[in-house]
>>> print(open('entry-v5.cif').read())   # mmCIF, C-alpha atoms and all ligand atoms
data_start
loop_
_atom_site.label_atom_id
_atom_site.label_comp_id
_atom_site.auth_asym_id
_atom_site.auth_seq_id
_atom_site.Cartn_x
_atom_site.Cartn_y
_atom_site.Cartn_z
CA MET A 4 -65.79 69.64 -40.63
CA GLU A 5 -67.44 66.75 -38.83
CA PHE A 6 -68.39 65.30 -42.17
CA LEU A 7 -64.79 65.39 -43.37
CA LYS A 8 -63.65 63.60 -40.22
CA LEU A 9 -66.20 60.88 -40.86
CA VAL A 10 -64.99 60.49 -44.41
CA ALA A 11 -61.40 60.13 -43.19
CA VAL A 12 -62.45 57.46 -40.70
CA ALA A 13 -64.43 55.65 -43.38
CA ILE A 14 -61.42 55.65 -45.71
CA SER A 15 -59.07 54.32 -43.05
CA LEU A 16 -61.57 51.56 -42.22
CA ALA A 17 -62.05 50.69 -45.87
CA THR A 18 -58.34 50.34 -46.51
CA GLY A 19 -57.96 48.10 -43.48
CA PHE A 20 -55.08 50.13 -42.13
CA SER A 21 -54.79 51.33 -38.60
CA ALA A 22 -54.68 55.10 -38.32
CA ALA A 23 -51.00 54.94 -37.46
CA GLY A 24 -50.21 52.93 -40.59
CA GLN A 25 -47.63 51.15 -38.49
CA ALA A 26 -46.49 47.60 -38.13
CA GLY A 27 -48.97 46.80 -35.34
CA GLU A 28 -52.09 45.11 -36.59
CA THR A 29 -53.52 44.67 -40.05
CA LYS A 30 -57.13 43.59 -40.30
CA HIS A 31 -58.47 41.77 -43.31
CA GLY A 32 -61.97 40.35 -43.09
CA ALA A 33 -62.04 37.88 -40.21
CA LEU A 34 -58.24 37.89 -40.01
CA THR A 35 -55.94 40.10 -37.98
CA ILE A 36 -52.23 39.93 -38.74
CA ASP A 37 -50.32 41.06 -35.70
CA SER A 38 -46.69 41.76 -34.77
CA ALA A 39 -45.18 41.09 -38.19
CA TRP A 40 -41.40 41.31 -38.21
CA ALA A 41 -38.55 40.21 -40.42
CA ARG A 42 -34.96 39.33 -39.77
CA PRO A 43 -32.36 41.66 -41.32
CA SER A 44 -30.27 40.15 -44.10
CA ILE A 45 -26.53 40.25 -44.53
CA GLY A 46 -26.35 42.21 -47.77
CA THR A 47 -28.25 40.56 -50.58
CA ARG A 48 -26.44 37.23 -50.41
CA GLY A 49 -28.20 35.84 -47.38
CA ASN A 50 -31.84 35.10 -46.78
CA SER A 51 -34.37 36.64 -44.52
CA ALA A 52 -37.41 35.27 -42.79
CA ALA A 53 -40.58 36.95 -41.63
CA TYR A 54 -42.78 36.06 -38.69
CA MET A 55 -46.20 37.12 -37.44
CA VAL A 56 -49.28 36.06 -35.55
CA ILE A 57 -52.43 35.44 -37.61
CA LYS A 58 -55.66 35.63 -35.62
CA ASN A 59 -58.88 34.39 -37.12
CA LYS A 60 -62.45 35.17 -36.04
CA GLY A 61 -63.93 33.27 -38.97
CA PRO A 62 -63.86 29.79 -40.48
CA ALA A 63 -60.64 27.87 -41.04
CA ASP A 64 -58.35 29.31 -43.68
CA ARG A 65 -54.86 28.76 -45.05
CA LEU A 66 -51.94 31.02 -45.80
CA ILE A 67 -50.97 29.68 -49.21
CA ALA A 68 -48.48 32.21 -50.61
CA ALA A 69 -46.44 35.28 -49.80
CA SER A 70 -44.44 37.75 -51.84
CA THR A 71 -42.48 40.97 -51.51
CA PRO A 72 -41.10 43.35 -54.13
CA GLN A 73 -37.77 43.10 -52.31
CA ALA A 74 -37.13 39.45 -53.14
CA GLY A 75 -37.28 37.16 -56.14
CA LYS A 76 -38.41 34.11 -54.22
CA VAL A 77 -40.63 33.75 -51.17
CA GLU A 78 -41.73 30.43 -49.70
CA LEU A 79 -43.68 29.25 -46.70
CA HIS A 80 -41.52 27.02 -44.53
CA THR A 81 -41.69 25.00 -41.39
CA HIS A 82 -39.07 23.17 -39.38
CA ILE A 83 -39.19 19.43 -38.99
CA ARG A 84 -37.01 17.19 -36.91
CA GLU A 85 -35.01 14.51 -38.70
CA GLY A 86 -33.24 12.54 -36.01
CA ASP A 87 -31.24 15.16 -34.15
CA ILE A 88 -31.31 17.72 -36.92
CA MET A 89 -33.93 20.38 -37.50
CA ARG A 90 -34.48 21.01 -41.18
CA MET A 91 -36.57 23.52 -43.04
CA ARG A 92 -39.15 22.32 -45.46
CA GLN A 93 -41.67 24.05 -47.66
CA VAL A 94 -45.15 23.73 -46.18
CA GLU A 95 -47.37 21.50 -48.29
CA GLY A 96 -50.74 23.12 -48.89
CA GLY A 97 -49.98 26.25 -46.89
CA VAL A 98 -50.00 27.22 -43.23
CA PRO A 99 -53.31 26.26 -41.58
CA VAL A 100 -55.13 29.10 -39.83
CA PRO A 101 -57.62 27.48 -37.45
CA ALA A 102 -61.23 28.66 -37.19
CA GLN A 103 -61.79 31.01 -34.23
CA GLY A 104 -58.13 30.62 -33.39
CA SER A 105 -54.66 31.74 -34.30
CA VAL A 106 -51.36 30.54 -35.67
CA ALA A 107 -47.93 31.96 -34.86
CA LEU A 108 -45.13 32.11 -37.38
CA LYS A 109 -41.99 32.24 -35.27
CA PRO A 110 -38.30 31.26 -35.24
CA GLY A 111 -38.00 27.47 -35.15
CA GLY A 112 -41.50 26.98 -36.58
CA TYR A 113 -43.54 28.27 -39.47
CA HIS A 114 -41.92 31.19 -41.27
CA VAL A 115 -42.03 33.15 -44.48
CA MET A 116 -38.69 32.42 -46.17
CA ILE A 117 -37.39 35.32 -48.22
CA MET A 118 -34.73 34.49 -50.80
CA LYS A 119 -33.07 35.98 -53.88
CA LEU A 120 -33.05 39.45 -52.36
CA ASN A 121 -33.19 42.43 -54.68
CA ALA A 122 -31.92 44.73 -51.95
CA PRO A 123 -30.62 44.21 -48.42
CA ILE A 124 -33.32 43.94 -45.77
CA GLU A 125 -32.08 46.48 -43.30
CA LYS A 126 -32.69 46.73 -39.60
CA GLY A 127 -35.08 49.54 -38.73
CA GLY A 128 -36.85 49.35 -42.09
CA MET A 129 -40.23 48.00 -43.10
CA LEU A 130 -40.65 45.03 -45.39
CA PRO A 131 -43.92 44.98 -47.36
CA LEU A 132 -45.26 41.44 -47.49
CA THR A 133 -48.25 40.42 -49.53
CA LEU A 134 -49.97 37.40 -48.04
CA THR A 135 -52.45 35.25 -49.94
CA PHE A 136 -55.03 33.26 -48.04
CA GLU A 137 -57.08 30.50 -49.58
CA LYS A 138 -60.41 32.06 -48.53
CA ALA A 139 -59.65 35.58 -47.33
CA GLY A 140 -57.62 36.47 -50.41
CA THR A 141 -54.72 38.88 -50.48
CA VAL A 142 -53.56 41.39 -47.90
CA THR A 143 -50.34 43.39 -47.58
CA VAL A 144 -48.68 43.81 -44.20
CA HIS A 145 -45.56 45.72 -43.25
CA ALA A 146 -43.05 43.71 -41.26
CA ALA A 147 -40.72 45.66 -38.98
CA VAL A 148 -37.15 44.63 -39.72
CA ALA A 149 -35.53 43.86 -36.38
CA MET A 150 -33.21 41.45 -34.70
CA LYS A 151 -35.19 39.62 -32.05
CA ALA A 152 -34.55 36.71 -29.75
CA GLY A 153 -34.48 33.50 -31.75
CA ALA A 154 -33.79 35.23 -35.05
CA THR A 155 -30.27 33.82 -35.02
CA GLY A 156 -28.78 30.98 -33.07
CA HIS A 157 -32.11 29.18 -32.95
CA SER A 158 -32.58 29.14 -29.22
CA GLY A 159 -34.37 26.02 -28.16
CA MET A 160 -32.70 23.81 -30.74
CA LYS A 161 -29.05 24.26 -29.97
CA GLY A 162 -26.23 22.02 -30.95
CA HIS A 163 -27.99 19.90 -33.49
CA GLY A 164 -25.87 20.05 -36.57
CA HIS A 165 -26.77 23.45 -37.90
CA ASP A 166 -24.83 25.26 -40.52
CA LYS A 167 -22.95 28.10 -38.99
CA GLY A 168 -24.68 31.45 -38.95
CA HIS A 169 -28.05 31.14 -40.53
CA GLY A 170 -28.61 27.67 -39.15
CA HIS A 171 -30.97 26.62 -41.89
CA LYS A 172 -30.39 23.85 -44.37
CA HIS A 173 -32.02 24.16 -47.71
CA LYS A 174 -32.62 21.26 -50.01
CU CU B 1 -36.93 28.63 -44.22
#
>>> encode(input="entry-v5.cif", output="structure tokens")
Amino acid sequence: MEFLKLVAVAISLATGFSAAGQAGETKHGALTIDSAWARPSIGTRGNSAAYMVIKNKGPADRLIAASTPQAGKVELHTHIREGDIMRMRQVEGGVPVPAQGSVALKPGGYHVMIMKLNAPIEKGGMLPLTLTFEKAGTVTVHAAVAMKAGATGHSGMKGHGHDKGHGHKHK
């Protein structure tokens, strides 16, 4: 029996999943992806965005791509200020993950932009997201679909010429 328990532990370690298999943390080499969540969509016509904290115990890396089976198009975006207007822009060369540090993807900053939805992204669900890092390679995380502060209305950048609702301007 003890042997079987050890095997189970070894398997869970090898797959990089926490025993709970929940949204919490996903470890991948020197990286830990923590607190991944995604904004619910309005049907399939809108967009969604996913956020997370990427912690790095190793050398500098870059998040260079993301994908999900639930959408036809996924891009890495950031917000930049143009005069009084915050605009979204695709990140050139990926999101930098500093050595021995961390980077937060959060509303108003870096985010994973999820477009051309195949199915609505529904509150309470889990969105599988496959992340590709320049050095660490590919890892799949499960983002909890939830409405959180800053997911709409863009707190902290109010009143600066946003489109109604989503608040993002695509080019
Ligand atoms: Cu965006």
>>> closest_residue(input="entry-v5.cif", among="A:Pro131, A:Pro62, A:Pro99, A:Gly86", to="Ala41 in chain A", atoms="only C-alpha atoms")
A:Pro131
>>> closest_atom_pairs(input="entry-v5.cif", of="chain A", to="ligand CU 1 (chain B)", cutoff="9 Å", atoms="only C-alpha atoms and all ligand atoms", output="Markdown table")
| residue | atom | partner | partner_atom | distance |
| --- | --- | --- | --- | --- |
| A:Asn50 | CA | B:CU1 | CU | 8.6 |
| A:Ser51 | CA | B:CU1 | CU | 8.4 |
| A:Ala52 | CA | B:CU1 | CU | 6.8 |
| A:Glu78 | CA | B:CU1 | CU | 7.5 |
| A:Leu79 | CA | B:CU1 | CU | 7.2 |
| A:His80 | CA | B:CU1 | CU | 4.9 |
| A:Thr81 | CA | B:CU1 | CU | 6.6 |
| A:His82 | CA | B:CU1 | CU | 7.6 |
| A:Arg90 | CA | B:CU1 | CU | 8.6 |
| A:Met91 | CA | B:CU1 | CU | 5.3 |
| A:Arg92 | CA | B:CU1 | CU | 6.8 |
| A:Gln93 | CA | B:CU1 | CU | 7.4 |
| A:Tyr113 | CA | B:CU1 | CU | 8.1 |
| A:His114 | CA | B:CU1 | CU | 6.3 |
| A:Val115 | CA | B:CU1 | CU | 6.8 |
| A:Met116 | CA | B:CU1 | CU | 4.6 |
| A:Ile117 | CA | B:CU1 | CU | 7.8 |
| A:His171 | CA | B:CU1 | CU | 6.7 |
| A:Lys172 | CA | B:CU1 | CU | 8.1 |
| A:His173 | CA | B:CU1 | CU | 7.5 |
>>> write_last_selection(input="entry-v5.cif", atoms="C-alpha atoms", output="compact mmCIF listing (two decimals), keeping the file's coordinate frame")
# COMPACT_ATOMS: atom_id res chain seq x y z
CA ASN A 50 -31.84 35.10 -46.78
CA SER A 51 -34.37 36.64 -44.52
CA ALA A 52 -37.41 35.27 -42.79
CA GLU A 78 -41.73 30.43 -49.70
CA LEU A 79 -43.68 29.25 -46.70
CA HIS A 80 -41.52 27.02 -44.53
CA THR A 81 -41.69 25.00 -41.39
CA HIS A 82 -39.07 23.17 -39.38
CA ARG A 90 -34.48 21.01 -41.18
CA MET A 91 -36.57 23.52 -43.04
CA ARG A 92 -39.15 22.32 -45.46
CA GLN A 93 -41.67 24.05 -47.66
CA TYR A 113 -43.54 28.27 -39.47
CA HIS A 114 -41.92 31.19 -41.27
CA VAL A 115 -42.03 33.15 -44.48
CA MET A 116 -38.69 32.42 -46.17
CA ILE A 117 -37.39 35.32 -48.22
CA HIS A 171 -30.97 26.62 -41.89
CA LYS A 172 -30.39 23.85 -44.37
CA HIS A 173 -32.02 24.16 -47.71
>>> closest_residue(input="entry-v5.cif", among="A:Met89, A:Val94, A:Ala69, A:Leu120", to="Gly46 in chain A", atoms="only C-alpha atoms")
A:Leu120
>>> residues_around(input="entry-v5.cif", residues="Pro101 in chain A", least_positions_apart="3", cutoff="7 Å", atoms="only C-alpha atoms", output="list in words")
Ala63, Asp64, Gly104 and Ser105 of chain A
>>> closest_residue(input="entry-v5.cif", among="A:Ile124, A:Asp37, A:Gly32, A:Ser70", to="Gly140 in chain A", atoms="all atoms listed in the file")
A:Gly32
>>> atom_distance(input="entry-v5.cif", atom1="CA of Gly127 in chain A", atom2="CA of Pro43 in chain A")
8.7 Å
>>> closest_residue(input="entry-v5.cif", among="A:Lys151, A:His31, A:Lys119, A:Arg65", to="Ala53 in chain A", atoms="all atoms listed in the file")
A:Lys151
>>> residues_around(input="entry-v5.cif", residues="Ala146 in chain A", least_positions_apart="3", cutoff="6 Å", atoms="all atoms listed in the file", output="ChimeraX atom specification")
/A:39-41,129-130
>>> closest_residue(input="entry-v5.cif", among="A:Ile57, A:Ala74, A:Leu66, A:Met118", to="Val98 in chain A", atoms="all atoms listed in the file")
A:Leu66
